[in-house]
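*Asks:* Submitted below is the structure of interest, expressed as structure tokens.
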Amino acid sequence: MDGYILKGGQKLRLGYTTGTCAAGAAYAAAKMLFTGRPLRSVSLMTPKGTAANLRILDIRIGKSSASCAVRKDGGDDPDATHGMLIYAKAERIEKGVAIEGGIGIGRATKPGLSIGIGEAAINPVPKAMISQQAELALAEHGENGVKITIYAPEGEEVAKRTFNSALGIIGGISILGTSGVVEPMSEDALIATINAEASVRLAEGRSVLVGCPGNYGTAFAAMELGITSADTVKYSNYLGEMIEIAESLGASGLLIASHLGKLVKVAGGMLNTHSKYGDCRLPLIAAHAAAVGISASAAREILASATVDSALGCLDALGIKNEVMGSLLSEIERQLARKAQGRLKVGAIAFTYEHGRLGGTSMAGELLEQAINESRRLAV
């Protein structure tokens, strides 16, 4: 891709999706099947309206089939699939276009995704792109039908570094992309992943979602709450979007299990907890400590703390940690309820590794009990 975007004052190169790779390889493989001649490059228009010029690799032309590959290029935001080869094999059929997934393409094992159980993990937009390119090749050469098999020899290994197993996609990667273009640090892609994971959890039969920002949260949920990583949804810094997704998918409740370092920001109204939007952790702890009556010098000590854990140590020494946590959690609950607006129950449990479980909002216990019961029922 020759395109760029500006983010944070940086010029970042766009990439293209596995779906674009598969569509380009499909077109090239079909044309080579019909002509018997190699094709070294193709150009196609992505759904975003950007042209992708793709180099065709590993060309193989036989009597009854042709295959080739396109190398995935994630631009300046390379993901696990960056640099791998996405293949297409073309074979004549009597009529129309058939699309299948071969080696290294995952298959769905759980409901709630945009593909059915047992189907190859080729999402709807990429599938439409592949079909469109195959139909174009048929029209250009007056042919009646072609079967396209998309495959990725490295797919099973690469999939271990993706979210696929959490989504119930086993055996390989997914062919993805709604725009055909990869934008560096794409928030849309992250939010789409959160939505997909939440959909799977609810389709499994849950009504309460358990959200964790990342690995710290999932580890705590497993060790201290009895909730395994297979029962949770990772939402990164997108807590506001997590609440919106839970509500839109029909969940009855959402329980957040988070390190206080992220969760305390919610007491300041931050529903995206990324540090680029601010770092109000220590001022918030100091403010709530001041509200319970600490001295100015004690407040300054908290503000000078290097970490949230050291600030909690100051509260411990003053004998007010539980009181301050109660104040913070009350405000966190108010902010969560303001976002949810009564459309679903939202609770939160805070922890740090040094101080352990620090407490929860008023609905946290009820939501946790329901989440545990649902997990046990599904495990039977």
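Every chain in the structure tokens has a letter given in the order shown (A, B, ...), and although residue numbers restart at 1 in each chain, ligands are simply numbered from 1 in the order shown.
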Could you name the residues that touch Glu224 of chain A at 10 Å or less, counting only C-alpha atoms, but leaving out those on the same chain fewer than 4 positions away, as a list in words?
*Replies:*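 Within the cut-off, the hits are Thr218, Ala219, Phe220, Phe351, Gly356 and Arg357 of chain A.
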*Asks:* Enumerate, as an MDAnalysis selection string, the complete set of residues in segment 74-245 of chain A that a backbone-based DSSP assignment places in helix (DSSP H, G or I).
*Replies:* chainID A and resid 124:141 155:161 164:167 187:203 215:225 229:231 239:245
*Asks:* Against segment 88-108 of chain A, which residues of segment 130-172 of chain A fall within 6 Å? For each one I want the closest pair of atoms and the distance in Å (one decimal), counting only C-alpha atoms, rows by chain and increasing residue number, as JSON lines.
*Replies:*
{"residue": "A:Asn144", "atom": "CA", "partner": "A:Lys95", "partner_atom": "CA", "distance": 5.0}
{"residue": "A:Gly145", "atom": "CA", "partner": "A:Lys95", "partner_atom": "CA", "distance": 4.0}
{"residue": "A:Val146", "atom": "CA", "partner": "A:Arg92", "partner_atom": "CA", "distance": 4.5}
{"residue": "A:Lys147", "atom": "CA", "partner": "A:Ala98", "partner_atom": "CA", "distance": 4.6}
{"residue": "A:Ile148", "atom": "CA", "partner": "A:Ala90", "partner_atom": "CA", "distance": 4.8}
{"residue": "A:Thr149", "atom": "CA", "partner": "A:Glu100", "partner_atom": "CA", "distance": 4.7}
{"residue": "A:Ile150", "atom": "CA", "partner": "A:Ala88", "partner_atom": "CA", "distance": 4.5}
{"residue": "A:Tyr151", "atom": "CA", "partner": "A:Gly102", "partner_atom": "CA", "distance": 4.6}
{"residue": "A:Ala152", "atom": "CA", "partner": "A:Gly104", "partner_atom": "CA", "distance": 4.7}
{"residue": "A:Pro153", "atom": "CA", "partner": "A:Gly104", "partner_atom": "CA", "distance": 5.4}
{"residue": "A:Gly155", "atom": "CA", "partner": "A:Gly104", "partner_atom": "CA", "distance": 3.9}
{"residue": "A:Glu156", "atom": "CA", "partner": "A:Gly104", "partner_atom": "CA", "distance": 4.9}
{"residue": "A:Gly168", "atom": "CA", "partner": "A:Ala108", "partner_atom": "CA", "distance": 5.9}
{"residue": "A:Ile169", "atom": "CA", "partner": "A:Ala108", "partner_atom": "CA", "distance": 4.5}
{"residue": "A:Ile170", "atom": "CA", "partner": "A:Gly106", "partner_atom": "CA", "distance": 5.0}
{"residue": "A:Gly171", "atom": "CA", "partner": "A:Gly106", "partner_atom": "CA", "distance": 4.6}
{"residue": "A:Gly172", "atom": "CA", "partner": "A:Gly106", "partner_atom": "CA", "distance": 3.8}
*Asks:* Please write the residues from the selection above to a file, keeping N, CA, C and O atoms, as a compact mmCIF listing (two decimals), in the first residue's frame.
*Replies:*
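File out12.txt, as written:
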# COMPACT_ATOMS: atom_id res chain seq x y z
N ASN A 144 -17.64 -20.60 -16.79
CA ASN A 144 -18.91 -20.77 -16.08
C ASN A 144 -18.78 -20.87 -14.56
O ASN A 144 -19.67 -20.43 -13.84
N GLY A 145 -17.71 -21.50 -14.08
CA GLY A 145 -17.64 -21.70 -12.64
C GLY A 145 -16.23 -21.94 -12.14
O GLY A 145 -15.38 -22.45 -12.87
N VAL A 146 -16.00 -21.58 -10.89
CA VAL A 146 -14.68 -21.79 -10.30
C VAL A 146 -14.82 -21.99 -8.79
O VAL A 146 -15.65 -21.35 -8.14
N LYS A 147 -14.04 -22.92 -8.27
CA LYS A 147 -13.96 -23.11 -6.82
C LYS A 147 -12.65 -22.51 -6.34
O LYS A 147 -11.59 -22.81 -6.89
N ILE A 148 -12.75 -21.66 -5.31
CA ILE A 148 -11.57 -21.03 -4.73
C ILE A 148 -11.37 -21.59 -3.32
O ILE A 148 -12.27 -21.51 -2.48
N THR A 149 -10.19 -22.12 -3.07
CA THR A 149 -9.83 -22.58 -1.73
C THR A 149 -8.76 -21.66 -1.18
O THR A 149 -7.69 -21.52 -1.77
N ILE A 150 -9.06 -21.02 -0.06
CA ILE A 150 -8.11 -20.13 0.59
C ILE A 150 -7.36 -20.93 1.67
O ILE A 150 -8.00 -21.62 2.47
N TYR A 151 -6.05 -20.81 1.69
CA TYR A 151 -5.28 -21.55 2.69
C TYR A 151 -4.03 -20.78 3.09
O TYR A 151 -3.62 -19.82 2.42
N ALA A 152 -3.45 -21.19 4.21
CA ALA A 152 -2.28 -20.49 4.76
C ALA A 152 -1.44 -21.52 5.51
O ALA A 152 -1.77 -21.87 6.65
N PRO A 153 -0.37 -22.03 4.90
CA PRO A 153 0.43 -23.08 5.54
C PRO A 153 0.94 -22.74 6.94
O PRO A 153 1.09 -23.62 7.78
N GLY A 155 -0.73 -20.90 9.03
CA GLY A 155 -1.87 -20.40 9.76
C GLY A 155 -2.07 -20.99 11.14
O GLY A 155 -2.40 -20.27 12.09
N GLU A 156 -1.90 -22.29 11.29
CA GLU A 156 -2.15 -22.92 12.58
C GLU A 156 -1.18 -22.40 13.63
O GLU A 156 -1.56 -22.14 14.78
N GLY A 168 -13.25 -19.21 19.89
CA GLY A 168 -13.73 -20.52 19.47
C GLY A 168 -13.41 -20.83 18.03
O GLY A 168 -14.07 -21.67 17.40
N ILE A 169 -12.39 -20.19 17.48
CA ILE A 169 -11.93 -20.48 16.12
C ILE A 169 -10.65 -21.30 16.24
O ILE A 169 -9.64 -20.82 16.75
N ILE A 170 -10.71 -22.53 15.77
CA ILE A 170 -9.65 -23.50 16.01
C ILE A 170 -9.00 -23.93 14.71
O ILE A 170 -9.67 -24.11 13.69
N GLY A 171 -7.68 -24.10 14.76
CA GLY A 171 -6.98 -24.71 13.64
C GLY A 171 -6.33 -23.76 12.66
O GLY A 171 -5.71 -24.20 11.70
N GLY A 172 -6.44 -22.47 12.92
CA GLY A 172 -5.80 -21.55 11.98
C GLY A 172 -6.26 -20.12 12.17
O GLY A 172 -6.98 -19.78 13.12
*Asks:* Please identify which residues in segment 110-294 of chain A DSSP calls strand (DSSP E) from the backbone, and express them as a list in words.
*Replies:*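 These are the residues in question: Gly145, Val146, Lys147, Ile148, Thr149, Ile150, Tyr151, Ile169, Ile170, Val181, Val182, Val208, Leu209, Val210, Gly211, Cys212, Thr232, Val233, Lys234, Gly253, Leu254, Leu255, Ile256, Ala257, Ser258 and His259 of chain A.
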*Asks:* Leaving out Pro38 of chain A and any residue of its chain fewer than 2 positions from it, which residues lie within 9 Å of it when counting only C-alpha atoms, given as a PyMOL selection string?
*Replies:* chain A and resi 28-29+31-32+35-36+40+59-61
*Asks:* Tell me which protein, DNA and RNA residues are within 10 Å of Asp309 of chain A, counting only C-alpha atoms, leaving out same-chain ones fewer than 4 positions away, and put them as number ranges by chain.
*Replies:* A: 260-261, 305, 313-315, 351-355
*Asks:* Restrict the selected residues to N, CA, C and O atoms and save them as a PDB file, in the first residue's frame.
*Replies:*
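Result file follows (again04.pdb):
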ATOM      1  N   LEU A 260      -6.368  -1.686  40.139  1.00  0.00           N
ATOM      2  CA  LEU A 260      -6.784  -0.347  40.544  1.00  0.00           C
ATOM      3  C   LEU A 260      -6.118   0.737  39.711  1.00  0.00           C
ATOM      4  O   LEU A 260      -6.691   1.816  39.498  1.00  0.00           O
ATOM      5  N   GLY A 261      -4.913   0.456  39.193  1.00  0.00           N
ATOM      6  CA  GLY A 261      -4.211   1.453  38.388  1.00  0.00           C
ATOM      7  C   GLY A 261      -5.018   1.937  37.206  1.00  0.00           C
ATOM      8  O   GLY A 261      -4.917   3.099  36.796  1.00  0.00           O
ATOM      9  N   SER A 305       3.845   9.674  45.488  1.00  0.00           N
ATOM     10  CA  SER A 305       4.062   8.229  45.367  1.00  0.00           C
ATOM     11  C   SER A 305       4.442   7.867  43.935  1.00  0.00           C
ATOM     12  O   SER A 305       3.963   8.471  42.967  1.00  0.00           O
ATOM     13  N   GLY A 313       0.022   2.015  50.201  1.00  0.00           N
ATOM     14  CA  GLY A 313       0.847   1.823  51.387  1.00  0.00           C
ATOM     15  C   GLY A 313       0.732   2.999  52.347  1.00  0.00           C
ATOM     16  O   GLY A 313       0.690   2.824  53.575  1.00  0.00           O
ATOM     17  N   CYS A 314       0.677   4.209  51.777  1.00  0.00           N
ATOM     18  CA  CYS A 314       0.483   5.408  52.616  1.00  0.00           C
ATOM     19  C   CYS A 314      -0.868   5.348  53.329  1.00  0.00           C
ATOM     20  O   CYS A 314      -0.962   5.674  54.524  1.00  0.00           O
ATOM     21  N   LEU A 315      -1.905   4.938  52.600  1.00  0.00           N
ATOM     22  CA  LEU A 315      -3.231   4.846  53.206  1.00  0.00           C
ATOM     23  C   LEU A 315      -3.253   3.794  54.311  1.00  0.00           C
ATOM     24  O   LEU A 315      -3.899   3.977  55.351  1.00  0.00           O
ATOM     25  N   PHE A 351      -8.286  -4.556  42.406  1.00  0.00           N
ATOM     26  CA  PHE A 351      -7.199  -5.289  43.055  1.00  0.00           C
ATOM     27  C   PHE A 351      -5.867  -4.675  42.665  1.00  0.00           C
ATOM     28  O   PHE A 351      -5.763  -3.919  41.694  1.00  0.00           O
ATOM     29  N   THR A 352      -4.830  -4.999  43.414  1.00  0.00           N
ATOM     30  CA  THR A 352      -3.445  -4.889  42.962  1.00  0.00           C
ATOM     31  C   THR A 352      -2.752  -6.158  43.413  1.00  0.00           C
ATOM     32  O   THR A 352      -3.226  -6.853  44.328  1.00  0.00           O
ATOM     33  N   TYR A 353      -1.620  -6.486  42.813  1.00  0.00           N
ATOM     34  CA  TYR A 353      -0.928  -7.705  43.229  1.00  0.00           C
ATOM     35  C   TYR A 353      -0.304  -7.565  44.611  1.00  0.00           C
ATOM     36  O   TYR A 353      -0.218  -8.536  45.364  1.00  0.00           O
ATOM     37  N   GLU A 354       0.099  -6.361  44.977  1.00  0.00           N
ATOM     38  CA  GLU A 354       0.725  -6.166  46.282  1.00  0.00           C
ATOM     39  C   GLU A 354      -0.297  -6.165  47.408  1.00  0.00           C
ATOM     40  O   GLU A 354      -0.051  -6.710  48.496  1.00  0.00           O
ATOM     41  N   HIS A 355      -1.467  -5.572  47.145  1.00  0.00           N
ATOM     42  CA  HIS A 355      -2.477  -5.433  48.198  1.00  0.00           C
ATOM     43  C   HIS A 355      -3.656  -6.376  48.032  1.00  0.00           C
ATOM     44  O   HIS A 355      -4.536  -6.424  48.896  1.00  0.00           O
TER      45      HIS A 355
END
*Asks:* Between A:Val158, A:Leu113, A:Met84, A:Ile243, single out the one closest to Ala340 of chain A, counting only C-alpha atoms.
*Replies:*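 Of A:Val158, A:Leu113, A:Met84, A:Ile243, the one nearest Ala340 of chain A is A:Ile243, counting only C-alpha atoms.
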*Asks:* Using only C-alpha atoms, find the one residue out of A:Pro111, A:Gly217, A:Pro126, A:Gly75 that sits nearest to Thr20 of chain A.
*Replies:*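 Selected residue with least distance to Thr20 of chain A: A:Pro126.
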*Asks:* Please report the interatomic distance between atom CA of Ala230 of chain A and atom CA of Ile117 of chain A in Å with one decimal.
*Replies:*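 For atom CA of Ala230 of chain A relative to atom CA of Ile117 of chain A, the distance reads 17.9 Å.
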*Asks:* Go through A:Gln133, A:Asn373, A:Ser64, A:Ser114 and flag the residue nearest Glu197 of chain A, using only C-alpha atoms for the distances.
*Replies:*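 That would be A:Ser114, the residue with the smallest distance to Glu197 of chain A.
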